[in-house]
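J.: Sharing a structure with you now.
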Amino acid sequence: MTRTKAVAWAGGASYLLMVGLLVGGATRASGTVHGVGSLLAVSLLVGVVRRMPLLALAMALFGSTAVVVGTPSSVHAEPAASYQGQFLSYLAVDLVLGFIVATCARRASILAVAVSFAVQLLAIGVFAHGDNLTVNGVIALLAMAASCMTGLLSRERREHAVALRSQEVAEAVTAERLRIARELHDMVAHSIGIIAIQAGVGSRVIRTQPAEAREALRAIEATSRDTLSGLRRTLVSLRQANRGEAASEQSPLAPSPGLADVERLAAATADAGVRVDVHRSGEQRALPADIDLSAYRIVQEALTNVVRHARTGRCRVAIDYGAEELSVEVLDDGCGVVRKGSVTGSDHGFGIVGMRERVNLLRGHLSAGPRPDGGFRVAARLPLPAPVGVGVEDR
């Protein structure tokens with residue numbers, strides 16, 4: 001940082017030295033030569049412009065005005081020709097001014113434009129004569145306006161990019177928050193539903209049927225341990241998100257559940273008093289992780305609703321591995337009308353809402369509602385990616 005600052009100050013000093021050489025050492029040169037030389041010399045102020053743009057503007061104004069004032073009035077040429085190009089030096093000021101408008105605060109930009117405008121018009125008014133006064137004044141105004149407009153466009157583009165980036169970050173945070181909410185809901189709701197059912201059973205039979213009460217307590221203990229384990233995996237994964245791959249390697253996480261675990265889910269649901277018949281069709285194969293997890297969570301949430309609201313002793317889960325899509329269906333013959341509010345999420349929480357969010361993220365389709373002949377039906381269709389190599393027919 002100190003070296004960069006020293007280079008910037010060296011560039012500023014070199015600029016002032018070059019301006020002095022132009023004014024004092026090139027007395028026989030025309031005004032155009034002086035103006036072009038001053039315009040090229042402003043490149044030495046790049047370091048100062050980046051660190052202290054207002055100071056760079058002051059130095060450029062001083063140097064350009066010194067070139068205008070120090071240009072000889074008559075050397076082998078008529079005065080009009082001598083003064084024709086000396087005001088080119090103010091283009092260097094306009095370049096610095098455009099950078100200030102693009103990067104500095106609005107108040108500082110307005111002050112810089114006002115001072116630059118006043119100095120340039122004053123110099124042109126004093127040292128230009130006749131028709132040159134009007135022409136050089138108009139050119140100076142146009143050049144300043146062009147530099148300011150370029151700076152404003154650059155500023156608006158940068159601010160727009162920052163706003164878009166902030167919006168993307170906010171949307172990503174919201175999407176991640178919703179994903180975590182869905183995972184926690186789907187994970188906890190099913191387990192709490194089973195625990196509530198088992199606790200109710202145990203409290204009713206603890207005096208008359210101790211064996212049944214012990215079985216209910218065993219189911220509560222097992223379900224609680226599984227839920228705590230799942231919560232711990234979720235919290236560990238969240239904590240390790242900012243620690244890099246090293247932390248993940250030190251504490252590997254268990255794989256996410258999928259359709260292969262539906263039978264275990266059905267067994268847990270059976271412990272809560274609802275028998276689950278699982279039927280699979282199609283060619284069973286490995287699925288993408290996001291589709292596999294979402295399908296499992298949909299089945300899990302649907303079974304949770306059956307346990308809590310259906311008032312039935314059995315239900316059916318159908319999983320169809322199609323060529324282009326995965327179909328998941330959960331049917332029961334319980335009190336479908338009682339769970340109608342669950343479709344909108346207004347009466348029984350966010351179960352169906354979470355299902356729809358999962359399906360929409362995968363560009364699938366979900367239908368959930370009471371069946372005409374009684375009961376409730378949840379059906380999801382999730383499109384599957386085409387296998388690698390499909391589309392090239394063997395001949």
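Naming scheme: A, B, ... for chains in displayed order of the structure tokens; residues 1 onward per chain; ligands 1 onward as shown.
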Find the residues of stretch 143-222 of chain A that sit at most 12 Å from stretch 287-297 of chain A; for each, write down the nearest two atoms and how far apart they are in Å, to one decimal. Count only C-alpha atoms. Sort by chain, then by number going up, and give it as JSON lines.
T.:
```
{"residue": "A:Arg179", "atom": "CA", "partner": "A:Ser294", "partner_atom": "CA", "distance": 10.9}
{"residue": "A:Arg182", "atom": "CA", "partner": "A:Arg297", "partner_atom": "CA", "distance": 9.0}
{"residue": "A:Glu183", "atom": "CA", "partner": "A:Arg297", "partner_atom": "CA", "distance": 8.2}
{"residue": "A:Leu184", "atom": "CA", "partner": "A:Arg297", "partner_atom": "CA", "distance": 10.7}
{"residue": "A:His185", "atom": "CA", "partner": "A:Arg297", "partner_atom": "CA", "distance": 9.8}
{"residue": "A:Asp186", "atom": "CA", "partner": "A:Arg297", "partner_atom": "CA", "distance": 6.2}
{"residue": "A:Met187", "atom": "CA", "partner": "A:Arg297", "partner_atom": "CA", "distance": 8.1}
{"residue": "A:Val188", "atom": "CA", "partner": "A:Arg297", "partner_atom": "CA", "distance": 11.3}
{"residue": "A:Ala189", "atom": "CA", "partner": "A:Arg297", "partner_atom": "CA", "distance": 10.9}
{"residue": "A:His190", "atom": "CA", "partner": "A:Arg297", "partner_atom": "CA", "distance": 9.8}
```
J.: Can you measure atom CA of A:Leu235 to atom CA of A:Pro257 for me? One decimal in Å is fine.
T.: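 Computing it gives 16.1 Å between the two atoms.
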J.: May I have the residues within 10 Å of A:Val299 as a list in words, using only C-alpha atoms and disregarding those fewer than 4 positions away in the same chain?
T.: Asp186, Leu259, Val262, Leu265, Ala266, Ser294, Ala295, Leu303, Thr304, Asn305, Val317, Ala318, Ile319, Val328, Glu329, Val330, Met355, Val378, Ala379 and Ala380 of chain A
J.: Quick one: residues within 6 Å of stretch 268-276 of chain A, only C-alpha atoms, excluding same-chain residues fewer than 5 positions away - as a list of chain:residue names?
T.: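 Everything that qualifies: A:Ile194, A:Ile197, A:Gly313, A:Arg314, A:Cys315, A:Arg316.
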J.: I need the chosen residues saved as a tab-separated table (two decimals), in the first residue's frame, with N, CA and C atoms.
T.:
```tsv
chain	number	residue	atom	x	y	z
A	194	ILE	N	-46.12	-39.35	14.99
A	194	ILE	CA	-46.04	-40.72	15.52
A	194	ILE	C	-45.89	-40.71	17.03
A	197	ILE	N	-49.24	-39.97	18.64
A	197	ILE	CA	-50.14	-41.12	18.60
A	197	ILE	C	-49.74	-42.17	19.62
A	313	GLY	N	-56.99	-46.94	9.30
A	313	GLY	CA	-55.96	-47.86	9.74
A	313	GLY	C	-55.04	-48.32	8.64
A	314	ARG	N	-55.25	-47.85	7.41
A	314	ARG	CA	-54.37	-48.30	6.33
A	314	ARG	C	-54.34	-47.26	5.22
A	315	CYS	N	-53.29	-47.33	4.42
A	315	CYS	CA	-53.17	-46.48	3.24
A	315	CYS	C	-52.26	-47.19	2.24
A	316	ARG	N	-52.13	-46.62	1.08
A	316	ARG	CA	-51.36	-47.24	0.00
A	316	ARG	C	-50.40	-46.22	-0.60
```
J.: Contacts of stretch 49-61 of chain A at 7 Å or less, counting only C-alpha atoms, minus same-chain residues fewer than 6 places along, as a CSV table (one decimal) with N, CA and C atoms, in the first residue's frame?
T.:
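Saved result, part26.csv, follows:
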```
chain,number,residue,atom,x,y,z
A,92,ALA,N,-8.0,17.0,-20.7
A,92,ALA,CA,-7.5,16.2,-19.5
A,92,ALA,C,-8.3,16.4,-18.3
A,93,VAL,N,-8.8,17.7,-18.1
A,93,VAL,CA,-9.6,17.9,-16.9
A,93,VAL,C,-11.0,17.2,-17.1
A,96,VAL,N,-10.7,13.5,-16.0
A,96,VAL,CA,-10.7,13.3,-14.6
A,96,VAL,C,-12.1,13.6,-14.0
A,97,LEU,N,-12.8,14.6,-14.6
A,97,LEU,CA,-14.1,15.0,-14.2
A,97,LEU,C,-15.1,13.8,-14.4
A,100,ILE,N,-14.6,11.3,-11.7
A,100,ILE,CA,-15.2,11.7,-10.4
A,100,ILE,C,-16.7,11.6,-10.4
```
J.: Hey, what does DSSP flag as helix (DSSP H, G or I) within stretch 49-150 of chain A? Can you give it to me as a ChimeraX atom specification?
T.: /A:49-51,53-70,79-82,86-103,106-127,131-150
J.: Show me, as a compact mmCIF listing (two decimals) with C-alpha atoms, in the first residue's frame, the residues that have an atom within 10 Å of A:Leu362 when counting only C-alpha atoms, minus same-chain residues fewer than 2 positions from it.
T.:
```
# COMPACT_ATOMS: atom_id res chain seq x y z
CA ASP A 290 -32.75 -33.90 -5.38
CA ILE A 291 -35.54 -35.92 -7.01
CA SER A 294 -38.11 -34.73 -2.71
CA ARG A 356 -45.89 -27.92 -3.86
CA GLU A 357 -42.68 -25.96 -3.40
CA ARG A 358 -40.59 -29.09 -3.80
CA VAL A 359 -42.48 -30.19 -6.91
CA ASN A 360 -42.36 -26.71 -8.48
CA GLY A 364 -43.21 -31.28 -11.76
CA HIS A 365 -46.92 -31.46 -10.95
CA ARG A 381 -45.15 -36.37 -11.02
CA LEU A 382 -41.48 -35.44 -11.18
CA PRO A 383 -39.74 -35.27 -14.59
CA LEU A 384 -36.55 -37.31 -14.88
```
J.: Identify, on the basis of only C-alpha atoms, every residue whose closest approach to A:Ala123 does not exceed 12 Å; exclude the query and any residue fewer than 5 positions from it along the same chain; express the result as a PyMOL selection string.
T.: chain A and resi 61-62+64-70+83+86-87+89-90+116-118+128-129+133+136-137+140
J.: Residues of the last selection are to be written out with C-alpha atoms, as a PDB file, in the first residue's frame.
T.:
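Writing done, so here's selection34.pdb:
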```
ATOM      1  CA  LEU A  61      -6.974  22.231 -13.637  1.00  0.00           C
ATOM      2  CA  PHE A  62      -3.778  23.906 -12.484  1.00  0.00           C
ATOM      3  CA  SER A  64      -4.178  22.936 -18.015  1.00  0.00           C
ATOM      4  CA  THR A  65      -4.667  26.561 -16.981  1.00  0.00           C
ATOM      5  CA  ALA A  66      -0.877  27.021 -16.778  1.00  0.00           C
ATOM      6  CA  VAL A  67      -0.554  25.742 -20.345  1.00  0.00           C
ATOM      7  CA  VAL A  68      -3.296  28.130 -21.536  1.00  0.00           C
ATOM      8  CA  VAL A  69      -1.747  31.103 -19.736  1.00  0.00           C
ATOM      9  CA  GLY A  70       1.827  30.254 -20.721  1.00  0.00           C
ATOM     10  CA  TYR A  83      -4.719  30.016 -29.799  1.00  0.00           C
ATOM     11  CA  GLN A  86      -4.216  25.510 -26.612  1.00  0.00           C
ATOM     12  CA  PHE A  87      -7.568  24.716 -24.967  1.00  0.00           C
ATOM     13  CA  SER A  89      -5.390  20.780 -22.453  1.00  0.00           C
ATOM     14  CA  TYR A  90      -8.790  21.057 -20.735  1.00  0.00           C
ATOM     15  CA  SER A 116     -14.212  22.975 -13.510  1.00  0.00           C
ATOM     16  CA  PHE A 117     -16.914  24.774 -15.484  1.00  0.00           C
ATOM     17  CA  ALA A 118     -16.086  28.134 -13.908  1.00  0.00           C
ATOM     18  CA  ALA A 128      -9.801  33.549 -26.585  1.00  0.00           C
ATOM     19  CA  HIS A 129     -10.633  36.337 -29.030  1.00  0.00           C
ATOM     20  CA  LEU A 133     -14.293  32.721 -28.057  1.00  0.00           C
ATOM     21  CA  ASN A 136     -13.947  27.247 -27.907  1.00  0.00           C
ATOM     22  CA  GLY A 137     -16.712  27.963 -25.374  1.00  0.00           C
ATOM     23  CA  ALA A 140     -15.604  23.149 -23.870  1.00  0.00           C
TER      24      ALA A 140
END
```
J.: Quick one: of A:Ser256, A:Thr103, A:Gln209, A:Ser166, who's nearest to A:Thr150, counting only C-alpha atoms?
T.: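 Among the listed residues, A:Thr103 lies closest to A:Thr150.
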J.: Between A:Ala386, A:Phe376, A:Ile180, A:Ala175, which has the minimum distance to A:Glu324 (counting only C-alpha atoms)?
T.: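 Among the listed residues, the smallest separation from A:Glu324 belongs to A:Ala386.
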J.: Given the choices A:Asp333, A:Ile352, A:Gly322, A:Ala143, which gets closest to A:Pro372 if the distance is worked out from only C-alpha atoms?
T.: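 Closest candidate: A:Asp333.
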J.: What does the distance from atom CA of A:Ala213 to atom CA of A:Ala267 come to in Å, to one decimal?
T.: 18.3 Å
J.: Run DSSP on the backbone and tell me which residues of stretch 197-378 of chain A come out as strand (DSSP E); list them as an NGL selection string.
T.: :A and (275-282 or 314-321 or 325-332 or 365-370 or 376-378)
